[in-house]
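Listing of start-v5.pdb; format and content: PDB, C-alpha atoms.
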```pdb
ATOM      1  CA  MET A   1      79.296 203.662  74.852
ATOM      2  CA  ARG A   2      82.128 205.763  73.611
ATOM      3  CA  GLU A   3      85.429 206.175  75.421
ATOM      4  CA  TRP A   4      84.549 209.565  76.931
ATOM      5  CA  THR A   5      81.233 208.489  78.444
ATOM      6  CA  TYR A   6      82.607 206.811  81.550
ATOM      7  CA  PRO A   7      85.026 209.584  82.587
ATOM      8  CA  LEU A   8      82.221 212.103  82.045
ATOM      9  CA  LEU A   9      79.972 210.189  84.430
ATOM     10  CA  PHE A  10      82.629 210.306  87.127
ATOM     11  CA  VAL A  11      83.043 214.049  86.596
ATOM     12  CA  VAL A  12      79.279 214.656  86.796
ATOM     13  CA  MET A  13      78.869 212.550  89.930
ATOM     14  CA  THR A  14      81.832 214.263  91.589
ATOM     15  CA  ALA A  15      80.354 217.669  90.722
ATOM     16  CA  LEU A  16      76.986 216.685  92.202
ATOM     17  CA  SER A  17      78.763 215.551  95.354
ATOM     18  CA  VAL A  18      80.432 218.959  95.585
ATOM     19  CA  VAL A  19      76.977 220.561  95.358
ATOM     20  CA  VAL A  20      75.792 218.390  98.244
ATOM     21  CA  LEU A  21      78.889 219.374 100.209
ATOM     22  CA  VAL A  22      78.247 223.091  99.616
ATOM     23  CA  MET A  23      74.628 222.639 100.710
ATOM     24  CA  GLY A  24      75.888 221.587 104.112
ATOM     25  CA  GLU A  25      75.639 217.816 103.827
ATOM     26  CA  VAL A  26      79.274 217.351 104.745
ATOM     27  CA  GLY A  27      79.113 213.615 105.358
ATOM     28  CA  ILE A  28      77.290 212.642 102.170
ATOM     29  CA  GLY A  29      78.994 215.256 100.006
ATOM     30  CA  GLY A  30      82.465 214.428 101.260
ATOM     31  CA  ALA A  31      81.884 210.718 100.801
ATOM     32  CA  GLY A  32      80.644 211.331  97.257
ATOM     33  CA  VAL A  33      83.646 213.461  96.330
ATOM     34  CA  ALA A  34      86.020 210.856  97.728
ATOM     35  CA  LEU A  35      84.196 207.915  96.149
ATOM     36  CA  PHE A  36      83.566 209.305  92.677
ATOM     37  CA  GLY A  37      86.815 211.256  92.534
ATOM     38  CA  ALA A  38      88.861 208.232  93.530
ATOM     39  CA  GLY A  39      86.729 206.065  91.264
ATOM     40  CA  GLY A  40      87.526 208.280  88.301
ATOM     41  CA  VAL A  41      91.239 208.045  88.983
ATOM     42  CA  ALA A  42      90.979 204.261  89.398
ATOM     43  CA  TYR A  43      89.072 204.029  86.118
ATOM     44  CA  VAL A  44      91.794 205.901  84.246
ATOM     45  CA  VAL A  45      94.470 203.664  85.758
ATOM     46  CA  LEU A  46      92.606 200.436  84.983
ATOM     47  CA  THR A  47      91.740 201.418  81.415
ATOM     48  CA  ARG A  48      95.052 202.948  80.397
ATOM     49  CA  ASP A  49      96.796 201.485  77.369
ATOM     50  CA  ARG A  50      98.104 198.085  78.409
ATOM     51  CA  SER A  51      99.930 197.440  75.148
ATOM     52  CA  ARG A  52     103.522 196.527  76.009
ATOM     53  CA  PRO A  53     106.278 194.827  74.013
ATOM     54  CA  ALA A  54     105.845 191.643  76.039
ATOM     55  CA  GLU A  55     102.147 191.517  75.176
ATOM     56  CA  ARG A  56     102.817 192.090  71.516
ATOM     57  CA  SER A  57     105.164 189.134  71.514
ATOM     58  CA  GLY A  58     102.512 186.971  73.174
ATOM     59  CA  SER A  59     104.638 186.243  76.242
ATOM     60  CA  SER A  60     102.949 188.444  78.826
ATOM     61  CA  GLY A  61     100.241 186.072  79.989
ATOM     62  CA  GLY A  62      97.663 187.953  77.947
ATOM     63  CA  THR A  63      97.248 184.858  75.773
ATOM     64  CA  ARG A  64      97.573 181.130  76.262
ATOM     65  CA  HIS A  65      96.731 177.941  74.415
ATOM     66  CA  GLY A  66      93.557 176.289  75.643
ATOM     67  CA  THR A  67      89.789 176.455  75.351
ATOM     68  CA  LEU A  68      86.669 178.047  76.831
ATOM     69  CA  PRO A  69      83.315 176.509  77.799
ATOM     70  CA  GLY A  70      81.051 176.104  74.780
ATOM     71  CA  LEU A  71      83.727 176.047  72.074
ATOM     72  CA  ASN A  72      83.124 172.351  71.360
ATOM     73  CA  ARG A  73      79.574 173.134  70.191
ATOM     74  CA  TYR A  74      80.877 174.784  67.034
ATOM     75  CA  THR A  75      84.159 173.138  66.094
ATOM     76  CA  ALA A  76      86.100 169.908  66.335
ATOM     77  CA  ALA A  77      89.157 171.882  67.442
ATOM     78  CA  THR A  78      90.070 170.945  71.002
ATOM     79  CA  GLY A  79      91.741 174.268  71.725
ATOM     80  CA  GLY A  80      93.370 177.345  70.294
ATOM     81  CA  LEU A  81      94.861 180.723  71.113
ATOM     82  CA  VAL A  82      92.916 182.184  74.048
ATOM     83  CA  PHE A  83      92.830 185.863  74.971
ATOM     84  CA  VAL A  84      92.606 185.529  78.735
ATOM     85  CA  GLN A  85      90.158 187.335  80.995
ATOM     86  CA  SER A  86      91.647 189.885  83.391
ATOM     87  CA  THR A  87      90.213 188.851  86.747
ATOM     88  CA  VAL A  88      91.793 191.898  88.391
ATOM     89  CA  ALA A  89      90.078 194.364  86.054
ATOM     90  CA  VAL A  90      86.722 192.591  86.266
ATOM     91  CA  GLY A  91      86.956 192.315  90.051
ATOM     92  CA  ALA A  92      87.854 195.994  90.373
ATOM     93  CA  GLY A  93      84.895 196.873  88.181
ATOM     94  CA  LEU A  94      82.621 194.739  90.340
ATOM     95  CA  LEU A  95      83.728 196.333  93.607
ATOM     96  CA  GLY A  96      83.684 199.832  92.154
ATOM     97  CA  SER A  97      80.214 199.401  90.694
ATOM     98  CA  ALA A  98      78.897 198.090  94.002
ATOM     99  CA  GLY A  99      80.307 201.124  95.796
ATOM    100  CA  PHE A 100      78.758 203.518  93.299
ATOM    101  CA  VAL A 101      75.364 201.831  93.595
ATOM    102  CA  VAL A 102      75.481 202.287  97.369
ATOM    103  CA  ALA A 103      76.529 205.924  96.949
ATOM    104  CA  GLY A 104      73.704 206.468  94.475
ATOM    105  CA  LEU A 105      71.167 205.041  96.903
ATOM    106  CA  VAL A 106      72.402 207.449  99.571
ATOM    107  CA  MET A 107      72.169 210.401  97.167
ATOM    108  CA  VAL A 108      68.564 209.526  96.350
ATOM    109  CA  THR A 109      67.680 210.338  99.965
ATOM    110  CA  VAL A 110      69.092 213.886  99.734
ATOM    111  CA  PRO A 111      66.274 216.514  99.610
ATOM    112  CA  ALA A 112      67.596 218.150  96.451
ATOM    113  CA  PRO A 113      66.064 217.180  93.075
ATOM    114  CA  MET A 114      69.278 217.377  91.046
ATOM    115  CA  VAL A 115      71.244 215.368  93.575
ATOM    116  CA  ALA A 116      68.479 212.775  93.847
ATOM    117  CA  LEU A 117      68.375 212.539  90.052
ATOM    118  CA  GLY A 118      72.115 211.980  90.019
ATOM    119  CA  GLY A 119      71.626 209.186  92.520
ATOM    120  CA  VAL A 120      69.006 207.530  90.333
ATOM    121  CA  LEU A 121      71.306 207.738  87.310
ATOM    122  CA  ALA A 122      74.189 206.311  89.328
ATOM    123  CA  VAL A 123      72.104 203.371  90.532
ATOM    124  CA  ALA A 124      70.816 202.669  87.012
ATOM    125  CA  PHE A 125      74.181 202.881  85.257
ATOM    126  CA  PHE A 126      76.417 201.266  87.850
ATOM    127  CA  GLY A 127      73.751 198.682  88.615
ATOM    128  CA  MET A 128      74.045 197.593  85.000
ATOM    129  CA  THR A 129      77.851 197.474  85.131
ATOM    130  CA  LEU A 130      77.620 195.550  88.407
ATOM    131  CA  VAL A 131      75.578 192.846  86.694
ATOM    132  CA  VAL A 132      77.962 192.755  83.718
ATOM    133  CA  CYS A 133      81.049 192.414  85.933
ATOM    134  CA  ALA A 134      79.447 189.769  88.142
ATOM    135  CA  THR A 135      78.414 187.775  85.079
ATOM    136  CA  ALA A 136      81.905 188.071  83.609
ATOM    137  CA  LEU A 137      83.458 186.611  86.760
ATOM    138  CA  LEU A 138      81.002 183.716  86.856
ATOM    139  CA  ARG A 139      81.106 182.853  83.136
ATOM    140  CA  ARG A 140      84.883 182.706  82.510
ATOM    141  CA  ILE A 141      84.823 184.946  79.463
ATOM    142  CA  GLY A 142      87.407 185.372  76.716
ATOM    143  CA  ILE A 143      88.146 184.976  73.010
ATOM    144  CA  VAL A 144      89.494 181.820  71.348
ATOM    145  CA  LEU A 145      91.057 181.659  67.891
ATOM    146  CA  VAL A 146      90.992 178.202  66.309
ATOM    147  CA  PRO A 147      91.858 177.085  62.761
ATOM    148  CA  ASP A 148      88.275 177.325  61.500
ATOM    149  CA  GLY A 149      86.942 180.376  63.338
ATOM    150  CA  VAL A 150      86.698 182.744  66.299
ATOM    151  CA  TYR A 151      84.720 181.981  69.457
ATOM    152  CA  LEU A 152      83.695 184.736  71.865
ATOM    153  CA  ARG A 153      82.367 184.026  75.340
ATOM    154  CA  THR A 154      81.064 187.401  76.504
ATOM    155  CA  PRO A 155      79.215 188.539  79.645
ATOM    156  CA  ALA A 156      76.047 188.733  77.526
ATOM    157  CA  GLY A 157      76.258 185.403  75.706
ATOM    158  CA  SER A 158      78.530 183.899  73.072
ATOM    159  CA  ALA A 159      79.360 184.130  69.379
ATOM    160  CA  TRP A 160      80.919 181.869  66.766
ATOM    161  CA  VAL A 161      82.216 183.338  63.505
ATOM    162  CA  ARG A 162      84.013 181.275  60.867
ATOM    163  CA  TRP A 163      87.058 182.911  59.313
ATOM    164  CA  GLU A 164      85.482 182.970  55.853
ATOM    165  CA  ASP A 165      82.450 184.804  57.283
ATOM    166  CA  LEU A 166      84.452 187.459  59.158
ATOM    167  CA  ALA A 167      84.900 190.759  57.318
ATOM    168  CA  ARG A 168      86.934 192.723  59.868
ATOM    169  CA  VAL A 169      87.550 193.523  63.521
ATOM    170  CA  GLN A 170      88.020 197.009  64.917
ATOM    171  CA  VAL A 171      88.683 198.890  68.134
ATOM    172  CA  ALA A 172      85.671 200.884  69.350
ATOM    173  CA  ASP A 173      85.332 200.926  73.146
ATOM    174  CA  GLY A 174      86.200 197.248  73.049
ATOM    175  CA  VAL A 175      86.668 194.878  70.133
ATOM    176  CA  ARG A 176      83.937 194.877  67.493
ATOM    177  CA  PHE A 177      83.411 192.044  65.020
ATOM    178  CA  VAL A 178      81.799 192.671  61.631
ATOM    179  CA  ALA A 179      80.721 189.629  59.631
ATOM    180  CA  ALA A 180      80.578 189.433  55.844
ATOM    181  CA  SER A 181      77.753 186.901  56.242
ATOM    182  CA  PRO A 182      75.783 187.985  59.345
ATOM    183  CA  GLU A 183      73.206 185.253  58.853
ATOM    184  CA  ARG A 184      75.906 182.620  59.386
ATOM    185  CA  THR A 185      77.141 184.140  62.638
ATOM    186  CA  VAL A 186      75.960 182.038  65.582
ATOM    187  CA  LEU A 187      74.947 184.157  68.582
ATOM    188  CA  THR A 188      73.425 183.234  71.939
ATOM    189  CA  GLY A 189      71.934 185.067  74.899
ATOM    190  CA  LEU A 190      71.712 188.848  74.924
ATOM    191  CA  ASP A 191      74.228 189.032  72.073
ATOM    192  CA  ARG A 192      71.615 187.355  69.871
ATOM    193  CA  ALA A 193      68.770 189.560  71.119
ATOM    194  CA  LEU A 194      70.761 192.729  70.380
ATOM    195  CA  HIS A 195      72.070 191.607  66.987
ATOM    196  CA  GLY A 196      69.568 193.611  64.952
ATOM    197  CA  ILE A 197      70.219 196.799  66.924
ATOM    198  CA  ASN A 198      73.975 196.302  66.730
ATOM    199  CA  ARG A 199      73.815 195.929  62.946
ATOM    200  CA  ARG A 200      71.552 198.937  62.382
ATOM    201  CA  ARG A 201      72.975 201.365  64.924
ATOM    202  CA  PHE A 202      76.617 200.368  65.275
ATOM    203  CA  GLY A 203      77.446 198.481  62.074
ATOM    204  CA  MET A 204      78.694 195.383  63.895
ATOM    205  CA  ASP A 205      77.528 191.900  64.797
ATOM    206  CA  VAL A 206      79.016 191.400  68.258
ATOM    207  CA  ALA A 207      81.473 193.154  70.564
ATOM    208  CA  PHE A 208      83.768 192.110  73.377
ATOM    209  CA  PRO A 209      84.590 194.478  76.276
ATOM    210  CA  GLY A 210      88.338 194.772  75.799
ATOM    211  CA  ARG A 211      88.965 196.093  79.306
ATOM    212  CA  PHE A 212      88.037 192.636  80.560
ATOM    213  CA  LEU A 213      91.043 191.060  78.820
ATOM    214  CA  ARG A 214      94.677 191.068  79.896
ATOM    215  CA  SER A 215      95.717 192.130  76.400
ATOM    216  CA  SER A 216      94.879 195.578  75.064
ATOM    217  CA  ASP A 217      92.206 196.090  72.410
ATOM    218  CA  ASP A 218      94.878 197.004  69.854
ATOM    219  CA  VAL A 219      96.785 193.762  70.456
ATOM    220  CA  VAL A 220      93.610 191.691  70.111
ATOM    221  CA  VAL A 221      92.581 193.404  66.873
ATOM    222  CA  GLU A 222      96.097 193.239  65.435
ATOM    223  CA  THR A 223      96.362 189.512  66.150
ATOM    224  CA  ILE A 224      92.933 188.600  64.773
ATOM    225  CA  SER A 225      93.378 190.807  61.704
ATOM    226  CA  GLY A 226      96.718 189.159  60.984
ATOM    227  CA  VAL A 227      95.182 185.687  61.055
ATOM    228  CA  LEU A 228      92.258 186.894  58.944
ATOM    229  CA  ARG A 229      94.644 188.171  56.262
ATOM    230  CA  ASP A 230      96.829 185.051  56.332
ATOM    231  CA  PRO A 231      94.820 181.808  56.049
ATOM    232  CA  ALA A 232      98.050 179.788  56.033
ATOM    233  CA  SER A 233      98.684 180.795  59.653
ATOM    234  CA  ARG A 234      95.416 179.363  60.968
ATOM    235  CA  PRO A 235      96.469 175.710  61.448
ATOM    236  CA  ALA A 236      99.122 176.902  63.925
ATOM    237  CA  LEU A 237      96.346 178.142  66.214
ATOM    238  CA  ALA A 238      95.565 174.577  67.259
ATOM    239  CA  ASP A 239      96.436 173.707  70.815
ATOM    240  CA  PRO A 240     100.034 172.364  70.865
ATOM    241  CA  ALA A 241      98.957 169.376  72.979
ATOM    242  CA  HIS A 242      96.642 168.182  70.197
ATOM    243  CA  ARG A 243      98.410 169.475  67.104
ATOM    244  CA  ASP A 244     100.013 166.145  66.197
ATOM    245  CA  ALA A 245      96.673 164.362  66.350
ATOM    246  CA  ARG A 246      94.960 166.691  63.921
TER     247      ARG A 246
END
```

Show me, as structure tokens, the structure contained in the file I just sent.
Amino acid sequence: MREWTYPLLFVVMTALSVVVLVMGEVGIGGAGVALFGAGGVAYVVLTRDRSRPAERSGSSGGTRHGTLPGLNRYTAATGGLVFVQSTVAVGAGLLGSAGFVVAGLVMVTVPAPMVALGGVLAVAFFGMTLVVCATALLRRIGIVLVPDGVYLRTPAGSAWVRWEDLARVQVADGVRFVAASPERTVLTGLDRALHGINRRRFGMDVAFPGRFLRSSDDVVVETISGVLRDPASRPALADPAHRDAR
């Protein structure tokens, strides 16, 4: 979804809560206004631009040298530059989504068609984000750059793209990867199932939800693009603990 979709949902749900409040359902309406209004503010705070000088220099904790589960299936590299998952952001998304699902279930019981419809939409949308956030916490997601390619461990699966097969990366409500040779991109899970749709509708092969990383989308794209343009820099991505043995 595009950047404006999420704030719009908070606005719509807050407006529906105001309608419930005006109709005399003070408890439900007031709770909805507080929940969705506060949720919208929290969303803006959590998704604000996190690009700071320290992050751009790589010293903020947004990156580290290491590995992620599954990397060894695709490369002999024992580690590389890891863009680290933001447990705080994912956890906040999990708790917020759970709260919105509960609020949606309550709204479904209100004897007003528009309010009930809003509740159904809230349960459907935030139920999906609840599953995504829960999966992200359990899977230990992230992005690893190694000398021979890029490995993504996403909430929906995983992806392996060799540097010579990667055409570009771009910021678009997360980080999108576009392969020059899509048939050589290795995808698993839901990422594989959605590959055809992603190519036809969005012009990409796989995406990573940037809000789930400690580094901003711009920092991630800038770093990966720099390595893509400069093949000579790729050997330095190897984990320092194993660099001498390579």

*Determine the residue set returned by the PyMOL selection byres ((chain A and resi 11) around 12) for the present structure, and present it as a ChimeraX atom specification.*
/A:4-10,12-18,32-41,43,118

*Given the file shown, enumerate the residues that the PyMOL selection byres ((chain A and resi 105-117) around 8) captures and present them as a list in words.*
Leu16, Ser17, Val19, Val20, Ile28, Val101, Val102, Ala103, Gly104, Gly118, Gly119, Val120, Leu121 and Val123 of chain A

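Between Ala238 in chain A and the candidates A:Val144, A:Ala134, A:Leu152, A:Ala77, the tightest atom-to-atom separation, counting all atoms listed in the file, involves A:Ala77.
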
Could you put an axis-aligned box around every listed atom of range 69-84 of chain A, padded by 5 Å on each side, and send me its centre and edge lengths in Å to one decimal, as AutoDock Vina command-line options?
```
--center_x 87.2 --center_y 177.9 --center_z 72.4 --size_x 25.3 --size_y 26.0 --size_z 22.6
```

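Relative to CA of Leu166 in chain A, CA of Arg211 in chain A is found at 22.4 Å.
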
_Output of the PyMOL selection byres ((chain A and resi 142) around 8), listed as a PyMOL selection string_ = chain A and resi 68+82-85+140-141+143-144+152-154+213

Using all atoms listed in the file and a cutoff of 8 Å, can you tell me which residues are near (88.5, 193.3, 66.9) in the file's coordinates, and write them out as a short mmCIF file (atom, residue, chain, number, x, y, z; two decimals) with C-alpha atoms, keeping the file's coordinate frame?
```
data_model
loop_
_atom_site.label_atom_id
_atom_site.label_comp_id
_atom_site.auth_asym_id
_atom_site.auth_seq_id
_atom_site.Cartn_x
_atom_site.Cartn_y
_atom_site.Cartn_z
CA ARG A 168 86.93 192.72 59.87
CA VAL A 169 87.55 193.52 63.52
CA GLN A 170 88.02 197.01 64.92
CA VAL A 171 88.68 198.89 68.13
CA GLY A 174 86.20 197.25 73.05
CA VAL A 175 86.67 194.88 70.13
CA ARG A 176 83.94 194.88 67.49
CA PHE A 177 83.41 192.04 65.02
CA ALA A 207 81.47 193.15 70.56
CA ASP A 217 92.21 196.09 72.41
CA ASP A 218 94.88 197.00 69.85
CA VAL A 220 93.61 191.69 70.11
CA VAL A 221 92.58 193.40 66.87
CA GLU A 222 96.10 193.24 65.44
CA ILE A 224 92.93 188.60 64.77
CA SER A 225 93.38 190.81 61.70
#
```

Each range 121-191 of chain A residue no farther than 9 Å from range 195-205 of chain A, nearest pair in Å, only C-alpha atoms, as JSON lines:
```
{"residue": "A:Arg176", "atom": "CA", "partner": "A:Met204", "partner_atom": "CA", "distance": 6.4}
{"residue": "A:Phe177", "atom": "CA", "partner": "A:Met204", "partner_atom": "CA", "distance": 5.9}
{"residue": "A:Val178", "atom": "CA", "partner": "A:Met204", "partner_atom": "CA", "distance": 4.7}
{"residue": "A:Ala179", "atom": "CA", "partner": "A:Asp205", "partner_atom": "CA", "distance": 6.5}
{"residue": "A:Pro182", "atom": "CA", "partner": "A:Asp205", "partner_atom": "CA", "distance": 6.9}
{"residue": "A:Thr185", "atom": "CA", "partner": "A:Asp205", "partner_atom": "CA", "distance": 8.1}
{"residue": "A:Leu187", "atom": "CA", "partner": "A:His195", "partner_atom": "CA", "distance": 8.1}
{"residue": "A:Leu190", "atom": "CA", "partner": "A:His195", "partner_atom": "CA", "distance": 8.4}
{"residue": "A:Asp191", "atom": "CA", "partner": "A:His195", "partner_atom": "CA", "distance": 6.1}
```

*Counting only C-alpha atoms, the residue of A:Gly127, A:Gly79, A:Gly210, A:Gly30 that sits nearest Val150 in chain A*: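 Going through A:Gly127, A:Gly79, A:Gly210, A:Gly30 one by one, the smallest distance to Val150 in chain A is for A:Gly79.
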
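Straight-line separation from CA of Ala156 in chain A to CA of Val132 in chain A: 7.6 Å.
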
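Counting all atoms listed in the file and comparing A:Asp173, A:Leu81, A:Thr63, A:Thr87, the residue that lies closest to Arg234 in chain A is A:Leu81.
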
*Point out the residue among A:Arg139, A:Gly62, A:Gly226, A:Trp163 with the least atom-to-atom distance to Arg214 in chain A, counting only C-alpha atoms.*
A:Gly62
